[in-house]
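Structure data (PDB, C-alpha atoms) from upload-v4.pdb:
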```pdb
ATOM      1  CA  MET A1382       0.000   0.000   0.000  1.00  0.00           C
ATOM      2  CA  SER A1383       1.115   3.548  -0.641  1.00  0.00           C
ATOM      3  CA  ARG A1384       2.154   5.915   2.132  1.00  0.00           C
ATOM      4  CA  ALA A1385      -0.286   8.012   4.124  1.00  0.00           C
ATOM      5  CA  LEU A1386      -0.323  11.682   3.180  1.00  0.00           C
ATOM      6  CA  SER A1387       1.885  13.666   5.555  1.00  0.00           C
ATOM      7  CA  ARG A1388       0.710  16.352   7.950  1.00  0.00           C
ATOM      8  CA  ALA A1389       2.599  18.858   5.765  1.00  0.00           C
ATOM      9  CA  PHE A1390       0.324  17.945   2.838  1.00  0.00           C
ATOM     10  CA  TYR A1391      -2.668  19.329   4.755  1.00  0.00           C
ATOM     11  CA  GLU A1392      -0.880  22.298   6.341  1.00  0.00           C
ATOM     12  CA  ARG A1393      -1.456  24.487   3.260  1.00  0.00           C
ATOM     13  CA  GLU A1394      -4.202  26.616   1.762  1.00  0.00           C
ATOM     14  CA  THR A1395      -7.416  24.604   1.665  1.00  0.00           C
ATOM     15  CA  GLU A1396      -7.964  25.159  -2.064  1.00  0.00           C
ATOM     16  CA  ILE A1397      -4.574  23.608  -2.869  1.00  0.00           C
ATOM     17  CA  VAL A1398      -5.239  20.621  -0.629  1.00  0.00           C
ATOM     18  CA  ALA A1399      -8.707  20.081  -2.153  1.00  0.00           C
ATOM     19  CA  ARG A1400      -7.250  20.066  -5.663  1.00  0.00           C
ATOM     20  CA  GLU A1401      -4.363  17.755  -4.798  1.00  0.00           C
ATOM     21  CA  MET A1402      -6.545  15.289  -2.892  1.00  0.00           C
ATOM     22  CA  LEU A1403      -8.037  14.235  -6.226  1.00  0.00           C
ATOM     23  CA  GLY A1404      -6.556  10.835  -7.076  1.00  0.00           C
ATOM     24  CA  THR A1405      -5.559  10.007  -3.494  1.00  0.00           C
ATOM     25  CA  VAL A1406      -7.065   7.005  -1.718  1.00  0.00           C
ATOM     26  CA  LEU A1407      -9.424   7.229   1.256  1.00  0.00           C
ATOM     27  CA  GLU A1408      -9.645   4.055   3.321  1.00  0.00           C
ATOM     28  CA  CYS A1409     -11.387   2.953   6.476  1.00  0.00           C
ATOM     29  CA  GLU A1410     -10.655  -0.218   8.422  1.00  0.00           C
ATOM     30  CA  THR A1411     -13.196  -1.481  10.958  1.00  0.00           C
ATOM     31  CA  ASP A1412     -13.891  -4.831  12.603  1.00  0.00           C
ATOM     32  CA  GLU A1413     -15.871  -5.694   9.462  1.00  0.00           C
ATOM     33  CA  GLY A1414     -12.878  -5.218   7.191  1.00  0.00           C
ATOM     34  CA  LEU A1415     -11.157  -2.719   4.918  1.00  0.00           C
ATOM     35  CA  ALA A1416     -12.856  -0.572   2.288  1.00  0.00           C
ATOM     36  CA  ARG A1417     -11.319   2.158   0.193  1.00  0.00           C
ATOM     37  CA  GLY A1418     -11.754   4.273  -2.884  1.00  0.00           C
ATOM     38  CA  ILE A1419     -10.091   6.900  -5.065  1.00  0.00           C
ATOM     39  CA  ILE A1420     -11.142  10.464  -4.263  1.00  0.00           C
ATOM     40  CA  VAL A1421     -12.745  11.969  -7.384  1.00  0.00           C
ATOM     41  CA  GLU A1422     -14.603  14.969  -5.936  1.00  0.00           C
ATOM     42  CA  THR A1423     -13.789  17.466  -3.186  1.00  0.00           C
ATOM     43  CA  GLU A1424     -15.024  20.791  -1.840  1.00  0.00           C
ATOM     44  CA  ALA A1425     -13.102  23.394   0.159  1.00  0.00           C
ATOM     45  CA  TYR A1426     -14.533  25.173   3.208  1.00  0.00           C
ATOM     46  CA  LEU A1427     -12.436  28.148   4.192  1.00  0.00           C
ATOM     47  CA  GLY A1428     -13.061  29.201   7.771  1.00  0.00           C
ATOM     48  CA  GLU A1429     -15.132  31.631   9.781  1.00  0.00           C
ATOM     49  CA  HIS A1430     -15.563  34.126   6.891  1.00  0.00           C
ATOM     50  CA  ASP A1431     -17.035  31.368   4.664  1.00  0.00           C
ATOM     51  CA  LEU A1432     -20.727  31.318   5.500  1.00  0.00           C
ATOM     52  CA  ALA A1433     -21.060  27.766   4.151  1.00  0.00           C
ATOM     53  CA  CYS A1434     -18.379  26.523   6.555  1.00  0.00           C
ATOM     54  CA  HIS A1435     -19.462  25.299   9.981  1.00  0.00           C
ATOM     55  CA  ALA A1436     -16.796  27.575  11.470  1.00  0.00           C
ATOM     56  CA  ALA A1437     -18.968  30.568  10.549  1.00  0.00           C
ATOM     57  CA  ALA A1438     -20.846  29.803  13.786  1.00  0.00           C
ATOM     58  CA  GLY A1439     -17.614  29.913  15.770  1.00  0.00           C
ATOM     59  CA  ARG A1440     -15.991  27.256  17.912  1.00  0.00           C
ATOM     60  CA  THR A1441     -18.609  24.958  19.423  1.00  0.00           C
ATOM     61  CA  LEU A1442     -18.741  21.375  20.633  1.00  0.00           C
ATOM     62  CA  ARG A1443     -19.790  20.362  17.122  1.00  0.00           C
ATOM     63  CA  THR A1444     -17.071  22.307  15.302  1.00  0.00           C
ATOM     64  CA  ASP A1445     -14.191  21.749  17.725  1.00  0.00           C
ATOM     65  CA  ALA A1446     -12.504  19.162  15.505  1.00  0.00           C
ATOM     66  CA  LEU A1447     -12.542  21.664  12.638  1.00  0.00           C
ATOM     67  CA  TYR A1448     -10.120  23.819  14.653  1.00  0.00           C
ATOM     68  CA  GLY A1449      -7.760  20.898  15.197  1.00  0.00           C
ATOM     69  CA  PRO A1450      -4.361  20.079  13.711  1.00  0.00           C
ATOM     70  CA  PRO A1451      -3.995  19.727   9.942  1.00  0.00           C
ATOM     71  CA  GLY A1452      -4.261  16.152   8.764  1.00  0.00           C
ATOM     72  CA  THR A1453      -6.998  15.190  11.192  1.00  0.00           C
ATOM     73  CA  SER A1454     -10.612  14.251  10.532  1.00  0.00           C
ATOM     74  CA  TYR A1455     -13.770  16.288  10.952  1.00  0.00           C
ATOM     75  CA  VAL A1456     -16.842  14.036  10.738  1.00  0.00           C
ATOM     76  CA  TYR A1457     -20.287  15.526  11.236  1.00  0.00           C
ATOM     77  CA  PHE A1458     -23.922  14.401  11.082  1.00  0.00           C
ATOM     78  CA  ILE A1459     -26.526  15.954   8.766  1.00  0.00           C
ATOM     79  CA  TYR A1460     -30.264  15.552   8.216  1.00  0.00           C
ATOM     80  CA  GLY A1461     -30.391  13.237  11.208  1.00  0.00           C
ATOM     81  CA  MET A1462     -29.129  10.336   9.116  1.00  0.00           C
ATOM     82  CA  TYR A1463     -25.848  10.916   7.219  1.00  0.00           C
ATOM     83  CA  TRP A1464     -22.211  11.279   8.239  1.00  0.00           C
ATOM     84  CA  CYS A1465     -19.888  13.497   6.181  1.00  0.00           C
ATOM     85  CA  PHE A1466     -16.096  13.216   6.168  1.00  0.00           C
ATOM     86  CA  ASN A1467     -13.636  16.119   5.987  1.00  0.00           C
ATOM     87  CA  ALA A1468      -9.862  16.489   6.190  1.00  0.00           C
ATOM     88  CA  VAL A1469      -8.782  19.445   8.340  1.00  0.00           C
ATOM     89  CA  THR A1470      -6.364  21.863   6.641  1.00  0.00           C
ATOM     90  CA  ARG A1471      -4.158  24.897   7.324  1.00  0.00           C
ATOM     91  CA  ALA A1472      -2.679  25.608  10.757  1.00  0.00           C
ATOM     92  CA  GLU A1473      -4.245  24.423  13.983  1.00  0.00           C
ATOM     93  CA  GLY A1474      -6.826  26.969  15.121  1.00  0.00           C
ATOM     94  CA  SER A1475      -7.572  28.054  11.527  1.00  0.00           C
ATOM     95  CA  PRO A1476     -10.866  26.216  10.979  1.00  0.00           C
ATOM     96  CA  SER A1477     -10.978  24.976   7.407  1.00  0.00           C
ATOM     97  CA  ALA A1478     -11.331  21.604   5.758  1.00  0.00           C
ATOM     98  CA  VAL A1479     -11.861  19.616   2.589  1.00  0.00           C
ATOM     99  CA  LEU A1480     -15.130  17.735   2.275  1.00  0.00           C
ATOM    100  CA  VAL A1481     -14.724  14.480   0.355  1.00  0.00           C
ATOM    101  CA  ARG A1482     -17.798  14.290  -1.873  1.00  0.00           C
ATOM    102  CA  ALA A1483     -17.257  11.157  -3.960  1.00  0.00           C
ATOM    103  CA  LEU A1484     -15.095   8.065  -4.337  1.00  0.00           C
ATOM    104  CA  GLU A1485     -14.398   5.585  -7.099  1.00  0.00           C
ATOM    105  CA  PRO A1486     -14.576   2.273  -5.173  1.00  0.00           C
ATOM    106  CA  LEU A1487     -11.273   0.432  -5.156  1.00  0.00           C
ATOM    107  CA  ASP A1488     -11.212  -2.333  -2.538  1.00  0.00           C
ATOM    108  CA  GLY A1489     -13.806  -3.888  -0.266  1.00  0.00           C
ATOM    109  CA  LEU A1490     -16.699  -3.624  -2.715  1.00  0.00           C
ATOM    110  CA  ALA A1491     -18.501  -6.619  -1.203  1.00  0.00           C
ATOM    111  CA  LEU A1492     -18.365  -4.922   2.200  1.00  0.00           C
ATOM    112  CA  MET A1493     -19.604  -1.646   0.696  1.00  0.00           C
ATOM    113  CA  HIS A1494     -22.563  -3.448  -0.881  1.00  0.00           C
ATOM    114  CA  LYS A1495     -23.296  -5.175   2.419  1.00  0.00           C
ATOM    115  CA  ARG A1496     -23.468  -1.779   4.108  1.00  0.00           C
ATOM    116  CA  ARG A1497     -25.636  -0.353   1.325  1.00  0.00           C
ATOM    117  CA  PRO A1498     -27.755  -3.420   0.436  1.00  0.00           C
ATOM    118  CA  ARG A1499     -30.297  -1.602  -1.711  1.00  0.00           C
ATOM    119  CA  ILE A1500     -27.605  -0.336  -4.082  1.00  0.00           C
ATOM    120  CA  GLU A1501     -26.976  -2.565  -7.103  1.00  0.00           C
ATOM    121  CA  SER A1502     -24.555  -0.414  -9.105  1.00  0.00           C
ATOM    122  CA  ASP A1503     -20.960   0.191  -8.003  1.00  0.00           C
ATOM    123  CA  VAL A1504     -21.376   3.742  -9.339  1.00  0.00           C
ATOM    124  CA  GLU A1505     -23.984   4.537  -6.681  1.00  0.00           C
ATOM    125  CA  LEU A1506     -22.004   3.166  -3.743  1.00  0.00           C
ATOM    126  CA  ALA A1507     -19.973   6.253  -2.873  1.00  0.00           C
ATOM    127  CA  ASN A1508     -21.000   9.079  -5.231  1.00  0.00           C
ATOM    128  CA  GLY A1509     -21.993  11.497  -2.483  1.00  0.00           C
ATOM    129  CA  PRO A1510     -20.597  12.499   0.923  1.00  0.00           C
ATOM    130  CA  GLY A1511     -23.188  10.587   2.964  1.00  0.00           C
ATOM    131  CA  LYS A1512     -23.024   7.596   0.653  1.00  0.00           C
ATOM    132  CA  LEU A1513     -19.249   7.218   0.896  1.00  0.00           C
ATOM    133  CA  CYS A1514     -19.311   7.370   4.702  1.00  0.00           C
ATOM    134  CA  ALA A1515     -21.975   4.660   4.779  1.00  0.00           C
ATOM    135  CA  ALA A1516     -20.029   2.516   2.302  1.00  0.00           C
ATOM    136  CA  LEU A1517     -16.707   2.847   4.137  1.00  0.00           C
ATOM    137  CA  GLY A1518     -18.171   2.652   7.647  1.00  0.00           C
ATOM    138  CA  ILE A1519     -17.060   6.164   8.665  1.00  0.00           C
ATOM    139  CA  ASP A1520     -18.961   7.636  11.606  1.00  0.00           C
ATOM    140  CA  GLY A1521     -18.665  10.277  14.311  1.00  0.00           C
ATOM    141  CA  SER A1522     -16.424   8.140  16.499  1.00  0.00           C
ATOM    142  CA  MET A1523     -13.737   8.702  13.858  1.00  0.00           C
ATOM    143  CA  SER A1524     -13.745  12.514  14.148  1.00  0.00           C
ATOM    144  CA  ALA A1525     -10.719  14.433  15.475  1.00  0.00           C
ATOM    145  CA  ARG A1526      -8.400  11.543  14.610  1.00  0.00           C
ATOM    146  CA  SER A1527      -5.099  11.534  12.725  1.00  0.00           C
ATOM    147  CA  LEU A1528      -5.474  10.614   9.056  1.00  0.00           C
ATOM    148  CA  GLN A1529      -2.105   8.855   9.151  1.00  0.00           C
ATOM    149  CA  ARG A1530      -3.320   6.010  11.370  1.00  0.00           C
ATOM    150  CA  LYS A1531      -6.242   3.601  11.430  1.00  0.00           C
ATOM    151  CA  PRO A1532      -9.165   3.582  11.265  1.00  0.00           C
ATOM    152  CA  VAL A1533      -9.247   6.292   8.540  1.00  0.00           C
ATOM    153  CA  ILE A1534      -6.234   7.007   6.355  1.00  0.00           C
ATOM    154  CA  ILE A1535      -5.758   9.022   3.163  1.00  0.00           C
ATOM    155  CA  ARG A1536      -2.946   7.529   1.086  1.00  0.00           C
ATOM    156  CA  GLU A1537      -0.942   8.722  -1.877  1.00  0.00           C
ATOM    157  CA  GLY A1538      -2.510   7.845  -5.196  1.00  0.00           C
ATOM    158  CA  LYS A1539      -2.089   8.520  -8.882  1.00  0.00           C
ATOM    159  CA  PRO A1540      -1.739  12.249  -9.617  1.00  0.00           C
ATOM    160  CA  VAL A1541      -4.550  13.832 -11.625  1.00  0.00           C
ATOM    161  CA  SER A1542      -3.378  16.248 -14.337  1.00  0.00           C
ATOM    162  CA  ASP A1543      -4.835  19.734 -14.651  1.00  0.00           C
ATOM    163  CA  GLU A1544      -6.426  18.704 -17.942  1.00  0.00           C
ATOM    164  CA  GLN A1545      -8.450  16.089 -16.073  1.00  0.00           C
ATOM    165  CA  VAL A1546      -9.736  18.512 -13.430  1.00  0.00           C
ATOM    166  CA  GLU A1547     -12.871  20.620 -13.531  1.00  0.00           C
ATOM    167  CA  VAL A1548     -13.697  23.355 -11.010  1.00  0.00           C
ATOM    168  CA  THR A1549     -17.285  24.388 -10.236  1.00  0.00           C
ATOM    169  CA  THR A1550     -19.200  26.172  -7.537  1.00  0.00           C
ATOM    170  CA  ARG A1551     -20.095  24.088  -4.485  1.00  0.00           C
ATOM    171  CA  ILE A1552     -23.374  22.173  -4.484  1.00  0.00           C
ATOM    172  CA  GLY A1553     -25.998  21.377  -1.872  1.00  0.00           C
ATOM    173  CA  ILE A1554     -25.543  24.682  -0.017  1.00  0.00           C
ATOM    174  CA  THR A1555     -27.284  28.064   0.021  1.00  0.00           C
ATOM    175  CA  LYS A1556     -24.687  30.385   1.605  1.00  0.00           C
ATOM    176  CA  SER A1557     -21.560  31.422  -0.315  1.00  0.00           C
ATOM    177  CA  ALA A1558     -22.896  29.096  -3.013  1.00  0.00           C
ATOM    178  CA  ASP A1559     -21.246  31.008  -5.857  1.00  0.00           C
ATOM    179  CA  TRP A1560     -17.677  30.351  -4.696  1.00  0.00           C
ATOM    180  CA  PRO A1561     -15.786  28.074  -7.154  1.00  0.00           C
ATOM    181  CA  LEU A1562     -14.518  25.596  -4.576  1.00  0.00           C
ATOM    182  CA  ARG A1563     -15.544  22.184  -5.925  1.00  0.00           C
ATOM    183  CA  TRP A1564     -13.001  20.027  -7.742  1.00  0.00           C
ATOM    184  CA  ILE A1565     -13.921  16.955  -9.783  1.00  0.00           C
ATOM    185  CA  VAL A1566     -12.150  14.494 -12.038  1.00  0.00           C
ATOM    186  CA  ARG A1567     -13.560  15.440 -15.422  1.00  0.00           C
ATOM    187  CA  GLY A1568     -15.764  12.764 -16.974  1.00  0.00           C
ATOM    188  CA  ASN A1569     -15.442  10.363 -14.037  1.00  0.00           C
ATOM    189  CA  ARG A1570     -18.684   8.423 -13.705  1.00  0.00           C
ATOM    190  CA  PHE A1571     -18.336   8.151  -9.917  1.00  0.00           C
ATOM    191  CA  VAL A1572     -18.648  11.918  -9.341  1.00  0.00           C
ATOM    192  CA  SER A1573     -21.812  12.949  -7.479  1.00  0.00           C
ATOM    193  CA  LYS A1574     -24.762  14.294  -9.403  1.00  0.00           C
ATOM    194  CA  GLY A1575     -24.608  18.047  -9.748  1.00  0.00           C
ATOM    195  CA  LYS A1576     -23.763  20.892 -12.058  1.00  0.00           C
ATOM    196  CA  VAL A1577     -20.544  21.070 -14.000  1.00  0.00           C
ATOM    197  CA  SER A1578     -19.120  24.212 -15.531  1.00  0.00           C
ATOM    198  CA  ALA A1579     -19.541  25.036 -19.205  1.00  0.00           C
TER     199      ALA A1579
END
```
Go ahead and express the file in the form of C-alpha cells.
Amino acid sequence: MSRALSRAFYERETEIVAREMLGTVLECETDEGLARGIIVETEAYLGEHDLACHAAAGRTLRTDALYGPPGTSYVYFIYGMYWCFNAVTRAEGSPSAVLVRALEPLDGLALMHKRRPRIESDVELANGPGKLCAALGIDGSMSARSLQRKPVIIREGKPVSDEQVEVTTRIGITKSADWPLRWIVRGNRFVSKGKVSA
C-alpha cells in the first residue's frame, strides 16, 4: 500500500489541498474489514468568513474538531441520518477543511454493498458524501483523529493532471454558493450528481 499523506500535505491553503486530494485514496478499516476508494470529488470550506463553513458559527462542541491540527478528521452528522467526512487543513486553530464528496470504489466492494444493500450499481455506492461514509463505515467516532493512522487514512494515489480537473461552484448549499470551490475528475462516472461548468 502507498504511504499516508503527511501532515505537511494538509498544512497548506485549503484550495490547494482540495485540488491535490483528487486521485488520493481514502480508506477505512473497521472490525468488518477494509474498504477504500479513489477520491474523485472534493469541496473546500475556508473558515469563519465562509458562511457555508461550519466555522462561521464559531468554535462549538460540534465544530471543535474543525479547529484541530492539519491532517486530522472532521466528521459531522446531517439531516439526522448521514455522516460526512472532511480532512482538516491549514494551521491548527484556523478552521478549514476539505469535504470528500465522492469516491471511485477500489477495494472492499462486497463490504460496501453489504453496508448499502439496496444499491446494485458500483457507481452509486460512494457518489456522495453521505453515501461514501456509509459505504466505508465512517462515523462520528472517527472525528478528530489523525489521518495517518487507522481507522481512517488518506494515502498517496495517482496524480490527476490539470487537464483532467474541472472546477465548479459548491453544491448542496445556500450560503456562499457562488464560490468556485468544488473540484472533480472530469468525466469520471463516480462523481456525485450536480452541475458542472460550461
Evaluate the PyMOL selection byres ((chain A and resi 1531) around 9) on the structure here and hand back the selected residues as a PDB file with C-alpha atoms, in the coordinates of the input.
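Listed below is the output, part02.pdb:
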```pdb
ATOM      1  CA  GLU A1408      -9.645   4.055   3.321  1.00  0.00           C
ATOM      2  CA  CYS A1409     -11.387   2.953   6.476  1.00  0.00           C
ATOM      3  CA  GLU A1410     -10.655  -0.218   8.422  1.00  0.00           C
ATOM      4  CA  THR A1411     -13.196  -1.481  10.958  1.00  0.00           C
ATOM      5  CA  ARG A1526      -8.400  11.543  14.610  1.00  0.00           C
ATOM      6  CA  SER A1527      -5.099  11.534  12.725  1.00  0.00           C
ATOM      7  CA  LEU A1528      -5.474  10.614   9.056  1.00  0.00           C
ATOM      8  CA  GLN A1529      -2.105   8.855   9.151  1.00  0.00           C
ATOM      9  CA  ARG A1530      -3.320   6.010  11.370  1.00  0.00           C
ATOM     10  CA  PRO A1532      -9.165   3.582  11.265  1.00  0.00           C
ATOM     11  CA  VAL A1533      -9.247   6.292   8.540  1.00  0.00           C
ATOM     12  CA  ILE A1534      -6.234   7.007   6.355  1.00  0.00           C
TER      13      ILE A1534
END
```
If we count all atoms listed in the file, what is near Ala1478 (chain A) at a cut-off of 8 Å, once residues fewer than 2 positions away on the same chain are taken out, given as a PyMOL selection string?
-> chain A and resi 1395+1425-1427+1447+1455+1467-1470+1476+1480
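Using all atoms listed in the file, the smallest distance between any of A:Gly1449, A:Arg1393, A:Ala1483, A:Ala1516 and Pro1498 (chain A) comes from A:Ala1516.
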Coordinates-based distance that separates CA of Trp1560 (chain A) from CA of Leu1432 (chain A) (Å, one decimal) =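 Between these atoms lies a distance of 10.7 Å.
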Residues within 10 Å of region 1463-1465 of chain A, only C-alpha atoms, excluding chain neighbours under 4 positions, as a PyMOL selection string | chain A and resi 1455-1459+1480-1482+1509-1515+1518-1521
Suppose we keep C-alpha atoms; can you now write the selection as a JSON list (two decimals), keeping the file's coordinate frame?
```json
[["chain", "number", "residue", "atom", "x", "y", "z"],
["A", 1455, "TYR", "CA", -13.77, 16.29, 10.95],
["A", 1456, "VAL", "CA", -16.84, 14.04, 10.74],
["A", 1457, "TYR", "CA", -20.29, 15.53, 11.24],
["A", 1458, "PHE", "CA", -23.92, 14.40, 11.08],
["A", 1459, "ILE", "CA", -26.53, 15.95, 8.77],
["A", 1480, "LEU", "CA", -15.13, 17.74, 2.28],
["A", 1481, "VAL", "CA", -14.72, 14.48, 0.36],
["A", 1482, "ARG", "CA", -17.80, 14.29, -1.87],
["A", 1509, "GLY", "CA", -21.99, 11.50, -2.48],
["A", 1510, "PRO", "CA", -20.60, 12.50, 0.92],
["A", 1511, "GLY", "CA", -23.19, 10.59, 2.96],
["A", 1512, "LYS", "CA", -23.02, 7.60, 0.65],
["A", 1513, "LEU", "CA", -19.25, 7.22, 0.90],
["A", 1514, "CYS", "CA", -19.31, 7.37, 4.70],
["A", 1515, "ALA", "CA", -21.98, 4.66, 4.78],
["A", 1518, "GLY", "CA", -18.17, 2.65, 7.65],
["A", 1519, "ILE", "CA", -17.06, 6.16, 8.66],
["A", 1520, "ASP", "CA", -18.96, 7.64, 11.61],
["A", 1521, "GLY", "CA", -18.66, 10.28, 14.31]]
```
Atomic distance CA of Arg1570 (chain A) - CA of Thr1453 (chain A), expressed in Å with one decimal = 28.3 Å
The residue from A:Val1504, A:Ala1436, A:Gly1452, A:His1430 with the smallest atom-to-atom distance to Arg1536 (chain A), counting only C-alpha atoms, is A:Gly1452
Translate the PyMOL selection byres ((chain A and resi 1572) around 8), as applied to the file shown, into an explicit residue set as an NGL selection string.
-> :A and (1421-1422 or 1482-1485 or 1508-1509 or 1565-1566 or 1569-1571 or 1573-1574)
Which of A:Thr1441, A:Ala1433, A:Leu1487, A:Gly1474 sits closest to Thr1550 (chain A) [using only C-alpha atoms] | A:Ala1433
List the residues matched by the PyMOL selection byres ((chain A and resi 1497) around 10) in the displayed structure as a PyMOL selection string, ordered by chain and then by residue number.
-> chain A and resi 1491-1496+1498-1501+1505-1507+1512-1513+1515-1517
Determine, counting all atoms listed in the file, which protein, DNA and RNA residues have an atom within 9 Å of an atom of Leu1403 (chain A); residues of the same chain fewer than 5 positions away are not included. Present the result as a list in words.
-> Val1398, Ile1419, Ile1420, Val1421, Glu1422, Thr1423, Gly1538, Lys1539, Pro1540, Val1541, Val1546, Trp1564, Ile1565 and Val1566 of chain A
Return as JSON the box centre and box size in Å, one decimal, for an axis-aligned box around all listed atoms of region 1509-1515 of chain A padded by 6 Å per side.
```
{"center_x": -21.2, "center_y": 8.6, "center_z": 1.1, "size_x": 15.9, "size_y": 19.8, "size_z": 19.3}
```
Could you pull the residues within 12 Å of Ile1554 (chain A), counting all atoms listed in the file, minus those fewer than 2 positions along the same chain, as JSON, numbers by chain?
-> {"A": [1424, 1426, 1431, 1432, 1433, 1434, 1435, 1550, 1551, 1552, 1556, 1557, 1558, 1559, 1560, 1562, 1563, 1575]}
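Taking CA of Gly1568 (chain A) and CA of Tyr1460 (chain A) as endpoints, the distance between them is 29.2 Å.
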Kindly indicate which residue among A:Met1402, A:Ile1397, A:Ala1437, A:Phe1466 lies nearest to Ser1522 (chain A), using all atoms listed in the file for the distances.
-> A:Phe1466
Using only C-alpha atoms, the shortest atom-to-atom distance to Arg1440 (chain A) among A:Gly1414, A:Gly1553, A:Ser1477, A:Gly1404 belongs to A:Ser1477
